[in-house]
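**Student:** Before we start, here is the structure in question, set down as structure tokens.
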Amino acid sequence: MKRVAILISGGGSNMVKLVESMTGDHPARPCLVLANSEDAGGLKKAGEMGVATAWVDHKHFKGDREAFEKQLISVVDAQKPDIICLAGFMRILTPFFINHYEGRMLNIHPSLLPKYRGLHTHKRALEAGDTEAGCTVHEATAELDDGPILGQAQVPIEPGDTPETLAARVLKKEHQLYPAVLRRFAEGNRKRIEL
Ligand code: GAR
């Protein structure tokens with residue numbers, strides 16, 4: 001059975017879907033949900049689902065990213081995870097952290113990569129006049145929002161969409177895509193999924 005650590009910063013709706021998916025004949029189980037703030041709403045949800053939780057507050061490390069990441073690594077590695085899922089973890093991670101988990105760390109990003117790395121993806125897709133948007137799960141590599149793509153899902157952009165309405169439509173797809181990719185990845189299958 002593979003062990004999965006999930007890193008979050010906020011409400012953790014993707015984390016909830018990942019945890020819920022890891023039952024029955026699924027080849028993995030959650031071993032930790034870790035946030036960069038005690039206030040991350042997802043921590044309570046994870047606790048209620050019976051998953052171990054922890055937080056490392058980035059504010060205590062005042063610009064010393066390496067010290068922050070060393071602490072993250074020590075808390076994560078204490079649970080001996082095989083796979084790390086970034087699920088709305090909104091701190092930039094340096095190569096020091098990413099290389100430590102090379103080949104076993106996934107990220108979900110709310111755009112059709114390689115379009116719109118970084119923030120404000122939905123606003124940027126609308127401003128560009130795109131007719132479709134979506135989300136991507138990829139292997140995390142040292143470049144921001146880059147790395148081999150493991151799955152993508154498209155949604156149409158509707159007339160009158162705002163960044164908020166589009167984000168909500170994309171998030172529903174994220175909730176399908178991330179569990180589907182995690183399951184295949186845990187089975188050792190890196191073939192790309194299109195939803
Ligand atoms: C999700 O939309 C995820 O794709 C995005 O943050 C949201 C987290 O929501 N991630 C990024 O923007 C990473 N750059 P959640 O906490 O409800 O899962």
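We label chains A, B, ... in the order they appear in the structure tokens, count residues from 1 in each chain, and number ligands from 1 in the order shown.
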Using only C-alpha atoms and all ligand atoms, what does the table of chain A residues within 9 Å of ligand 1 look like, with each row giving the shortest atom pair and its distance in Å to one decimal, sorted by chain and ascending number, as a Markdown table?

**Tutor:**
```
| residue | atom | partner | partner_atom_place_in_ligand_line | distance |
| --- | --- | --- | --- | --- |
| A:Ile8 | CA | ligand 1 | 16 (O) | 6.3 |
| A:Ser9 | CA | ligand 1 | 16 (O) | 6.5 |
| A:Gly10 | CA | ligand 1 | 16 (O) | 4.6 |
| A:Gly11 | CA | ligand 1 | 16 (O) | 4.3 |
| A:Gly12 | CA | ligand 1 | 16 (O) | 3.3 |
| A:Ser13 | CA | ligand 1 | 17 (O) | 3.6 |
| A:Asn14 | CA | ligand 1 | 18 (O) | 3.7 |
| A:Met15 | CA | ligand 1 | 18 (O) | 5.9 |
| A:Val16 | CA | ligand 1 | 18 (O) | 7.9 |
| A:Lys17 | CA | ligand 1 | 18 (O) | 8.7 |
| A:Ala40 | CA | ligand 1 | 16 (O) | 8.7 |
| A:Gly41 | CA | ligand 1 | 16 (O) | 8.4 |
| A:Gly42 | CA | ligand 1 | 16 (O) | 7.1 |
| A:Leu86 | CA | ligand 1 | 13 (C) | 8.0 |
| A:Ala87 | CA | ligand 1 | 18 (O) | 5.4 |
| A:Gly88 | CA | ligand 1 | 8 (C) | 3.7 |
| A:Phe89 | CA | ligand 1 | 13 (C) | 6.3 |
| A:Met90 | CA | ligand 1 | 13 (C) | 5.9 |
| A:Arg91 | CA | ligand 1 | 14 (N) | 8.5 |
| A:Ile92 | CA | ligand 1 | 14 (N) | 8.7 |
| A:Asn107 | CA | ligand 1 | 13 (C) | 7.5 |
| A:Ile108 | CA | ligand 1 | 4 (O) | 5.1 |
| A:His109 | CA | ligand 1 | 4 (O) | 4.2 |
| A:Pro110 | CA | ligand 1 | 4 (O) | 4.2 |
| A:Ser111 | CA | ligand 1 | 4 (O) | 7.9 |
| A:Arg117 | CA | ligand 1 | 14 (N) | 7.5 |
| A:Gly118 | CA | ligand 1 | 14 (N) | 5.7 |
| A:Leu119 | CA | ligand 1 | 12 (O) | 6.1 |
| A:His120 | CA | ligand 1 | 12 (O) | 7.9 |
| A:Thr121 | CA | ligand 1 | 12 (O) | 7.8 |
| A:Cys135 | CA | ligand 1 | 4 (O) | 6.9 |
| A:Thr136 | CA | ligand 1 | 4 (O) | 8.1 |
| A:Val137 | CA | ligand 1 | 4 (O) | 8.8 |
| A:Leu144 | CA | ligand 1 | 14 (N) | 8.6 |
| A:Asp145 | CA | ligand 1 | 14 (N) | 7.0 |
| A:Ala167 | CA | ligand 1 | 2 (O) | 7.0 |
| A:Ala168 | CA | ligand 1 | 2 (O) | 8.4 |
| A:Val170 | CA | ligand 1 | 2 (O) | 7.5 |
| A:Leu171 | CA | ligand 1 | 2 (O) | 5.5 |
| A:Glu174 | CA | ligand 1 | 4 (O) | 6.8 |
| A:His175 | CA | ligand 1 | 18 (O) | 8.2 |
```

**Student:** Near Ala140 (chain A), within 9 Å and counting only C-alpha atoms, which residues show up once chain neighbours fewer than 3 positions away are dropped, as JSON, numbers by chain?

**Tutor:** {"A": [86, 98, 101, 102, 103, 104, 105, 106, 107, 143, 144, 145, 146, 147, 148]}

**Student:** Got a sec to tell me which of chain A DSSP assigns to helix (DSSP H, G or I), as a ChimeraX atom specification?

**Tutor:** /A:13-21,41-48,58-61,65-77,95-100,121-127,163-186

**Student:** So what do you get for CA of Thr141 (chain A) versus CA of Ile84 (chain A), distance-wise?

**Tutor:**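 Those two atoms sit 12.5 Å apart.
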
**Student:** So how far away is CA of Ile6 (chain A) from CA of Phe61 (chain A), in Å?

**Tutor:**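 Going from CA of Phe61 (chain A) over to CA of Ile6 (chain A), I get 21.1 Å.
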
**Student:** Which distance in Å separates CA of Ala180 (chain A) and CA of Ser21 (chain A), to one decimal?

**Tutor:** 8.7 Å

**Student:** Neighbouring residues of Ile193 (chain A) were defined as those with any atom within 9 Å, considering only C-alpha atoms; residues of the same chain fewer than 5 positions away were excluded. Please report them as a PyMOL selection string.

**Tutor:** chain A and resi 149-153+177+180-181

**Student:** Using N, CA and C atoms, can you write the selected residues to a file as a PDB file, in the first residue's frame?

**Tutor:**
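Below is the file selection-v2.pdb, written as the result:
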```
ATOM      1  N   ILE A 149       3.138  16.243 -17.829  1.00  0.00           N
ATOM      2  CA  ILE A 149       1.689  16.316 -17.593  1.00  0.00           C
ATOM      3  C   ILE A 149       1.123  14.896 -17.482  1.00  0.00           C
ATOM      4  N   LEU A 150       0.394  14.654 -16.402  1.00  0.00           N
ATOM      5  CA  LEU A 150      -0.190  13.331 -16.151  1.00  0.00           C
ATOM      6  C   LEU A 150      -1.677  13.305 -16.469  1.00  0.00           C
ATOM      7  N   GLY A 151      -2.309  14.476 -16.481  1.00  0.00           N
ATOM      8  CA  GLY A 151      -3.728  14.509 -16.818  1.00  0.00           C
ATOM      9  C   GLY A 151      -4.223  15.916 -17.012  1.00  0.00           C
ATOM     10  N   GLN A 152      -5.217  16.038 -17.903  1.00  0.00           N
ATOM     11  CA  GLN A 152      -5.837  17.338 -18.131  1.00  0.00           C
ATOM     12  C   GLN A 152      -7.331  17.155 -18.330  1.00  0.00           C
ATOM     13  N   ALA A 153      -8.088  18.176 -17.927  1.00  0.00           N
ATOM     14  CA  ALA A 153      -9.533  18.185 -18.163  1.00  0.00           C
ATOM     15  C   ALA A 153      -9.926  19.568 -18.651  1.00  0.00           C
ATOM     16  N   LEU A 177     -10.423  14.919 -11.777  1.00  0.00           N
ATOM     17  CA  LEU A 177      -9.129  14.633 -12.402  1.00  0.00           C
ATOM     18  C   LEU A 177      -8.080  14.173 -11.388  1.00  0.00           C
ATOM     19  N   ALA A 180      -8.359  10.624 -10.172  1.00  0.00           N
ATOM     20  CA  ALA A 180      -8.119   9.679 -11.277  1.00  0.00           C
ATOM     21  C   ALA A 180      -6.621   9.555 -11.553  1.00  0.00           C
ATOM     22  N   VAL A 181      -5.917  10.696 -11.558  1.00  0.00           N
ATOM     23  CA  VAL A 181      -4.476  10.660 -11.825  1.00  0.00           C
ATOM     24  C   VAL A 181      -3.743  10.000 -10.660  1.00  0.00           C
TER      25      VAL A 181
END
```

**Student:** Using backbone DSSP assignments, extract all strand (DSSP E) residues from region 34-134 of chain A; output them as a ChimeraX atom specification.

**Tutor:** /A:34-35,53-55,83-86,105-109,132-134

**Student:** Ranking A:Val75, A:Glu66, A:His58, A:Ala128 by minimum distance to Val33 (chain A) and counting only C-alpha atoms, which one comes first?

**Tutor:**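 Of A:Val75, A:Glu66, A:His58, A:Ala128, the one nearest Val33 (chain A), counting only C-alpha atoms, is A:Val75.
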
**Student:** Can you pull out every residue within 6 Å of region 46-54 of chain A, counting only C-alpha atoms, but drop anything in the same chain fewer than 2 positions away, and send it as number ranges by chain?

**Tutor:** A: 32-34, 43-44

**Student:** Those same residues, written as a tab-separated table (two decimals), in the first residue's frame with N, CA and C atoms?

**Tutor:**
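Below is the file that was written, part05.tsv:
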```tsv
chain	number	residue	atom	x	y	z
A	32	LEU	N	-0.92	11.75	5.78
A	32	LEU	CA	-0.72	13.06	6.40
A	32	LEU	C	-1.37	14.13	5.54
A	33	VAL	N	-2.01	15.10	6.20
A	33	VAL	CA	-2.39	16.35	5.55
A	33	VAL	C	-1.65	17.46	6.28
A	34	LEU	N	-0.85	18.20	5.52
A	34	LEU	CA	0.03	19.23	6.10
A	34	LEU	C	-0.31	20.58	5.48
A	43	LEU	N	-7.50	21.45	7.35
A	43	LEU	CA	-6.94	20.64	8.44
A	43	LEU	C	-8.05	20.00	9.27
A	44	LYS	N	-9.10	20.78	9.55
A	44	LYS	CA	-10.20	20.26	10.37
A	44	LYS	C	-10.91	19.13	9.61
```

**Student:** Considering only C-alpha atoms, can you say which of A:Val19, A:Ala28, A:Leu112, A:Leu7 comes closest to Ile73 (chain A)?

**Tutor:**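 For Ile73 (chain A), the nearest of the given residues is A:Leu7.
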
**Student:** I'd like to know which of A:Pro30, A:Lys172, A:Gln154, A:Glu69 is closest to Glu194 (chain A), using only C-alpha atoms.

**Tutor:**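 With only C-alpha atoms as the atom set, the closest residue is A:Gln154.
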
**Student:** Compile the contact shell of Leu126 (chain A) as number ranges by chain: residues with an atom at most 12 Å away, counting only C-alpha atoms, same-chain residues fewer than 6 positions apart removed.

**Tutor:** A: 111, 116, 120, 132-133, 156-167
